[in-house]
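Peer 1: Data: my_file-v1.cif, mmCIF, C-alpha atoms and all ligand atoms.
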```cif
data_target
loop_
_atom_site.label_atom_id
_atom_site.label_comp_id
_atom_site.auth_asym_id
_atom_site.auth_seq_id
_atom_site.Cartn_x
_atom_site.Cartn_y
_atom_site.Cartn_z
CA MET A 22 20.43 -1.42 -17.20
CA LYS A 23 20.95 1.34 -14.65
CA LEU A 24 21.23 3.88 -17.48
CA LEU A 25 18.04 2.62 -19.11
CA LYS A 26 16.22 2.91 -15.78
CA SER A 27 17.36 6.47 -15.21
CA ILE A 28 16.39 7.43 -18.76
CA LEU A 29 12.94 5.90 -18.22
CA ASN A 30 12.50 7.77 -14.97
CA PHE A 31 13.83 11.01 -16.44
CA PHE A 32 11.28 11.01 -19.22
CA ASN A 33 8.45 10.09 -16.88
CA PRO A 34 6.63 8.08 -19.56
CA GLN A 35 3.47 7.94 -17.45
CA GLU A 36 2.78 11.51 -18.53
CA ILE A 37 2.34 10.45 -22.16
CA LYS A 38 1.78 6.71 -22.49
CA CYS A 39 -0.46 4.22 -20.68
CA VAL A 40 1.77 2.31 -18.26
CA VAL A 41 -0.04 -0.94 -19.12
CA CYS A 42 -0.64 -0.95 -22.89
CA GLY A 43 1.44 1.96 -24.11
CA VAL A 44 -1.25 3.96 -25.95
CA ASP A 45 -1.17 7.76 -25.70
CA VAL A 46 -3.02 9.11 -22.67
CA GLU A 47 -4.43 12.47 -21.73
CA LYS A 48 -2.97 14.25 -18.71
CA HIS A 49 -6.16 13.74 -16.67
CA GLU A 50 -5.87 9.95 -17.06
CA HIS A 51 -2.71 10.00 -14.91
CA GLY A 52 -0.76 7.44 -16.88
CA ILE A 53 -3.32 4.68 -17.35
CA CYS A 54 -5.84 4.61 -20.20
CA SER A 55 -9.50 4.11 -19.34
CA LYS A 56 -9.59 0.70 -21.04
CA CYS A 57 -6.71 -0.70 -18.94
CA LYS A 58 -8.01 0.96 -15.79
CA LYS A 59 -11.40 -0.72 -16.23
CA GLN A 60 -9.69 -4.11 -16.40
CA LEU A 61 -7.86 -3.75 -13.08
CA PRO A 62 -9.13 -6.05 -10.31
CA PHE A 63 -10.73 -3.28 -8.23
CA ASN A 64 -12.05 -4.20 -4.82
CA ASP A 65 -15.80 -4.43 -4.63
CA HIS A 66 -17.47 -5.46 -1.37
CA VAL A 67 -14.79 -5.03 1.29
CA CYS A 68 -14.38 -5.82 4.99
CA LEU A 69 -15.17 -2.59 6.86
CA LYS A 70 -12.12 -3.07 9.07
CA CYS A 71 -9.24 -4.39 6.99
CA GLY A 72 -10.54 -3.51 3.51
CA VAL A 73 -10.01 -6.94 2.01
CA ASP A 74 -12.34 -7.90 -0.83
CA ILE A 75 -14.84 -10.39 0.57
CA ARG A 76 -17.18 -12.61 -1.33
CA THR A 77 -19.82 -12.82 1.38
CA MET A 78 -22.40 -10.20 2.29
CA ASN A 79 -20.90 -9.85 5.79
CA ASP A 80 -19.54 -6.51 7.01
CA PHE A 81 -16.30 -8.07 8.23
CA CYS A 82 -14.00 -10.80 6.92
CA ASP A 83 -13.58 -13.98 8.92
CA MET A 84 -10.16 -12.88 10.23
CA CYS A 85 -11.36 -9.48 11.50
CA GLY A 86 -14.25 -11.25 13.15
CA LYS A 87 -11.77 -13.25 15.23
CA ASN A 88 -8.79 -10.94 15.69
CA GLN A 89 -8.31 -7.54 17.21
CA LEU A 90 -6.34 -5.56 14.66
CA VAL A 91 -4.69 -2.44 16.09
CA PHE A 92 -5.09 -0.11 13.10
CA ASP A 93 -8.48 1.57 12.83
CA GLU A 94 -9.28 0.94 9.19
CA ALA A 95 -7.49 -0.17 6.05
CA ARG A 96 -8.48 0.11 2.40
CA SER A 97 -6.89 -1.00 -0.86
CA VAL A 98 -7.61 -0.10 -4.45
CA CYS A 99 -7.25 -3.55 -6.00
CA ARG A 100 -6.91 -7.19 -5.29
CA TYR A 101 -3.30 -8.32 -5.56
CA GLU A 102 -3.61 -10.19 -8.83
CA GLY A 103 -3.46 -9.72 -12.60
CA GLU A 104 -2.35 -6.35 -13.89
CA ALA A 105 -2.43 -4.75 -10.41
CA GLN A 106 0.11 -7.28 -9.21
CA LYS A 107 2.25 -6.72 -12.30
CA LEU A 108 2.32 -2.97 -11.67
CA VAL A 109 3.51 -3.51 -8.08
CA LEU A 110 6.21 -5.96 -9.16
CA ARG A 111 7.44 -3.56 -11.87
CA LEU A 112 7.59 -0.70 -9.38
CA LYS A 113 9.35 -2.81 -6.78
CA PHE A 114 11.77 -4.93 -8.75
CA SER A 115 12.28 -3.36 -12.18
CA GLY A 116 13.27 0.13 -11.11
CA GLN A 117 10.22 1.67 -12.80
CA LYS A 118 9.83 4.40 -10.21
CA TYR A 119 7.47 6.41 -12.40
CA LEU A 120 4.72 3.82 -11.70
CA SER A 121 4.27 5.31 -8.22
CA LYS A 122 2.38 8.23 -9.82
CA PRO A 123 -0.48 6.36 -11.53
CA ILE A 124 -0.69 4.08 -8.50
CA ALA A 125 -0.87 7.09 -6.15
CA HIS A 126 -3.63 8.68 -8.24
CA MET A 127 -5.78 5.55 -7.99
CA MET A 128 -5.11 5.37 -4.24
CA ALA A 129 -6.05 9.05 -3.82
CA GLU A 130 -9.39 8.30 -5.50
CA VAL A 131 -10.11 5.61 -2.88
CA LEU A 132 -8.84 7.87 -0.10
CA GLN A 133 -11.25 10.61 -1.07
CA LYS A 134 -14.17 8.26 -0.54
CA GLN A 135 -13.19 7.57 3.09
CA ASN A 136 -14.26 9.67 5.99
CA TRP A 137 -10.79 9.72 7.51
CA GLN A 138 -9.27 12.63 9.39
CA PHE A 139 -5.48 12.48 9.80
CA ASP A 140 -2.75 14.91 10.79
CA ALA A 141 -0.01 13.44 8.63
CA VAL A 142 0.85 10.84 6.02
CA THR A 143 3.63 8.33 6.47
CA PHE A 144 4.77 5.07 4.89
CA ILE A 145 6.00 1.63 5.91
CA PRO A 146 9.80 1.90 6.00
CA SER A 147 12.12 -0.51 4.18
CA SER A 148 15.28 -1.86 5.78
CA ASP A 149 18.61 -0.17 4.96
CA ASP A 150 19.63 -3.30 3.08
CA THR A 151 16.59 -3.19 0.83
CA ILE A 152 17.09 0.50 0.13
CA LYS A 153 20.75 -0.14 -0.71
CA LYS A 154 19.76 -2.88 -3.14
CA ARG A 155 16.69 -1.25 -4.66
CA GLY A 156 17.73 2.37 -4.38
CA TYR A 157 14.35 3.48 -3.02
CA ASN A 158 11.39 2.54 -0.90
CA GLN A 159 8.35 2.18 -3.17
CA ALA A 160 5.96 2.91 -0.27
CA GLN A 161 7.71 6.23 0.28
CA LEU A 162 7.50 7.12 -3.42
CA ILE A 163 3.77 6.40 -3.41
CA ALA A 164 3.26 8.34 -0.16
CA ASN A 165 5.11 11.36 -1.59
CA ASP A 166 2.95 11.29 -4.72
CA ILE A 167 -0.27 10.99 -2.70
CA CYS A 168 0.89 13.92 -0.58
CA ASP A 169 1.42 16.01 -3.73
CA ILE A 170 -2.13 15.21 -4.81
CA ILE A 171 -3.79 16.02 -1.48
CA SER A 172 -1.35 18.84 -0.58
CA ILE A 173 -0.02 17.56 2.70
CA SER A 174 3.55 16.55 3.51
CA ALA A 175 4.80 13.04 4.11
CA VAL A 176 6.56 12.38 7.41
CA ASP A 177 9.37 9.87 7.75
CA ILE A 178 8.83 8.77 11.34
CA ALA A 179 10.07 5.20 11.58
CA GLN A 180 12.79 2.82 10.51
CA LYS A 181 12.81 -0.90 9.95
CA VAL A 182 15.25 -2.37 12.41
CA LYS A 183 14.64 -6.07 12.24
CA ASP A 184 15.71 -8.14 9.29
CA LEU A 185 12.80 -10.47 8.89
CA PRO A 186 12.89 -14.02 7.65
CA PRO A 187 10.83 -14.31 4.46
CA GLN A 188 7.12 -14.40 5.28
CA GLU A 189 5.89 -16.27 2.21
CA LYS A 190 5.80 -19.67 3.84
CA MET A 191 4.39 -18.53 7.18
CA ASP A 192 0.82 -18.98 8.25
CA TYR A 193 -1.41 -16.11 9.35
CA HIS A 194 -0.37 -16.07 13.03
CA GLY A 195 3.28 -16.75 12.21
CA ARG A 196 3.36 -13.53 10.22
CA PHE A 197 2.05 -11.47 13.12
CA ASP A 198 4.66 -12.96 15.50
CA ASN A 199 7.39 -12.49 12.93
CA MET A 200 6.73 -8.75 12.69
CA GLN A 201 7.19 -8.04 16.40
CA GLY A 202 9.83 -5.39 17.00
CA ALA A 203 10.31 -4.79 13.26
CA PHE A 204 10.10 -0.99 13.50
CA LYS A 205 11.55 1.79 15.62
CA LEU A 206 10.31 5.36 15.81
CA LYS A 207 12.58 8.23 14.79
CA GLN A 208 10.22 10.89 16.12
CA LYS A 209 7.03 11.20 18.11
CA PRO A 210 4.02 10.32 15.95
CA PRO A 211 1.15 12.77 15.43
CA GLN A 212 -2.32 12.18 16.94
CA SER A 213 -3.62 10.61 13.77
CA LEU A 214 -1.85 9.05 10.83
CA LEU A 215 -2.44 7.74 7.36
CA VAL A 216 0.03 4.93 6.62
CA ILE A 217 0.85 4.02 3.03
CA ASP A 218 2.19 0.75 1.68
CA ASP A 219 2.16 -0.94 -1.71
CA VAL A 220 0.63 -4.30 -0.76
CA LYS A 221 -1.20 -5.65 2.24
CA THR A 222 -0.98 -9.41 2.67
CA THR A 223 -2.29 -10.42 6.10
CA GLY A 224 -2.12 -6.93 7.57
CA ALA A 225 0.66 -8.04 9.96
CA THR A 226 3.05 -5.29 8.82
CA LEU A 227 0.48 -2.49 9.09
CA ASN A 228 -0.68 -3.89 12.41
CA GLU A 229 2.83 -3.89 13.91
CA PHE A 230 3.37 -0.33 12.68
CA ALA A 231 0.05 0.77 14.19
CA LYS A 232 0.95 -0.91 17.48
CA LEU A 233 4.18 1.06 17.70
CA VAL A 234 2.73 4.50 16.92
CA LYS A 235 -0.26 3.93 19.21
CA LYS A 236 2.09 2.94 22.02
CA HIS A 237 3.66 6.39 21.59
CA GLY A 238 0.48 8.44 21.69
CA CYS A 239 -1.05 8.18 18.22
CA LYS A 240 -4.81 7.73 18.55
CA LYS A 241 -5.99 6.90 15.03
CA VAL A 242 -4.20 4.91 12.36
CA TYR A 243 -5.65 4.53 8.87
CA CYS A 244 -3.92 2.41 6.25
CA LEU A 245 -4.06 2.65 2.50
CA THR A 246 -2.38 0.22 0.12
CA PHE A 247 -2.63 -0.14 -3.62
CA ALA A 248 -3.34 -3.86 -3.48
CA SER A 249 -4.36 -6.44 -0.94
CA ARG A 250 -4.17 -10.18 -1.10
CA VAL A 251 -7.56 -11.86 -1.12
CA LYS A 252 -8.18 -14.43 1.54
CA GLN A 253 -9.55 -17.79 0.65
CA VAL A 254 -13.16 -17.99 1.74
CA PRO A 255 -14.49 -21.48 2.38
CA THR A 256 -16.98 -22.39 -0.32
CA SER A 257 -19.66 -22.98 2.34
CA GLN A 258 -19.74 -19.21 2.92
CA LEU A 259 -20.09 -18.18 -0.72
ZN ZN B 301 -3.83 1.12 -21.55
ZN ZN B 302 -11.16 -7.84 7.65
#
```
Take the structure in the file and write it out as structure tokens.
Peer 2:
Amino acid sequence: MKLLKSILNFFNPQEIKCVVCGVDVEKHEHGICSKCKKQLPFNDHVCLKCGVDIRTMNDFCDMCGKNQLVFDEARSVCRYEGEAQKLVLRLKFSGQKYLSKPIAHMMAEVLQKQNWQFDAVTFIPSSDDTIKKRGYNQAQLIANDICDIISISAVDIAQKVKDLPPQEKMDYHGRFDNMQGAFKLKQKPPQSLLVIDDVKTTGATLNEFAKLVKKHGCKKVYCLTFASRVKQVPTSQL
């Protein structure tokens, strides 16, 4: 299996074949054919703060209306479902590192539409245990690819120090408490940062990261993820 993975990564199939359906692609399509790209669950009307896809005509989602998130703004390319979710799971758990490139290109397209000024790009760190098991941090791979596209270098400024109990079964507030003290800085952060991650669920991870860098002098924190989990909106608000 390891050999197959390294062969796959060596040949970088995203340069030639669509990563979803396998048809030949042109170089400018960056590994995903236009037909498959059109079918991805792209975000449409998003919360101006956390970037989650909202089904109301409000500017902010119900959670951002009630809570003070520490990061300045977050955006995601897609909702975490369907083919977008499959791409993330393949990148994360099937060793298909080459998927970071098409994902990064779609994220760079969203990034270019934002009016964000940042001094450096960084990524949400993985724990040493995860890196040992997986061999890489997918957020770092994506950040490196985005940096290649926008010609800026990625900085590795933090480490994950707390082994967290699984968050799946926690409620919204439980996740925020659970993240406290999860990261430690390795160097002083710049004045403004773009933070990259693969998926945003409640925003608790990005928020904890933003809290830490802001405590150490960073003034602006923007977050970009490939996917974000959609919140359930009560039907009365639809
Ligand atoms: Zn395709
Ligand atoms: Zn929001």
Peer 1: Check which residues fall inside 7 Å of ligand ZN 301 (chain B) when counting only C-alpha atoms and all ligand atoms, and print them as a ChimeraX atom specification.
Peer 2: /A:39-44,53-57
Peer 1: Now that the selection is made, can you save its residues with C-alpha atoms as a PDB file, in the frame of the given file?
Peer 2:
```pdb
ATOM      1  CA  CYS A  39      -0.460   4.220 -20.680  1.00  0.00           C
ATOM      2  CA  VAL A  40       1.770   2.310 -18.260  1.00  0.00           C
ATOM      3  CA  VAL A  41      -0.040  -0.940 -19.120  1.00  0.00           C
ATOM      4  CA  CYS A  42      -0.640  -0.950 -22.890  1.00  0.00           C
ATOM      5  CA  GLY A  43       1.440   1.960 -24.110  1.00  0.00           C
ATOM      6  CA  VAL A  44      -1.250   3.960 -25.950  1.00  0.00           C
ATOM      7  CA  ILE A  53      -3.320   4.680 -17.350  1.00  0.00           C
ATOM      8  CA  CYS A  54      -5.840   4.610 -20.200  1.00  0.00           C
ATOM      9  CA  SER A  55      -9.500   4.110 -19.340  1.00  0.00           C
ATOM     10  CA  LYS A  56      -9.590   0.700 -21.040  1.00  0.00           C
ATOM     11  CA  CYS A  57      -6.710  -0.700 -18.940  1.00  0.00           C
TER      12      CYS A  57
END
```
Peer 1: Pick out the residues sitting within 8 Å of segment 216-226 of chain A, and hand them over as a ChimeraX atom specification; count only C-alpha atoms, and ignore anything fewer than 3 positions along from it in its own chain.
Peer 2: /A:71,97,101,109,142-145,159-161,163-164,193,196-197,200,229-230,242-251
Peer 1: Excluding same-chain residues fewer than 5 positions from segment 176-187 of chain A, what lies within 8 Å of it counting only C-alpha atoms, as a list in words?
Peer 2: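 Selected residues are Ala141, Val142, Thr143, Phe144, Ile145, Pro146, Ser147, Ser148, Asp149, Asn199, Met200, Gly202, Ala203, Phe204, Lys205, Leu206, Lys207, Gln208, Lys209 and Pro210 of chain A.
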Peer 1: Considering only C-alpha atoms and all ligand atoms, state which residue in the set A:Asn79, A:Lys59, A:Glu47, A:Lys134 is at the smallest distance from ligand ZN 302 (chain B).
Peer 2: A:Asn79
Peer 1: Produce as a ChimeraX atom specification the set of residues near ligand ZN 302 (chain B), where near means within 8 Å with all atoms listed in the file considered.
Peer 2: /A:67-73,81-86
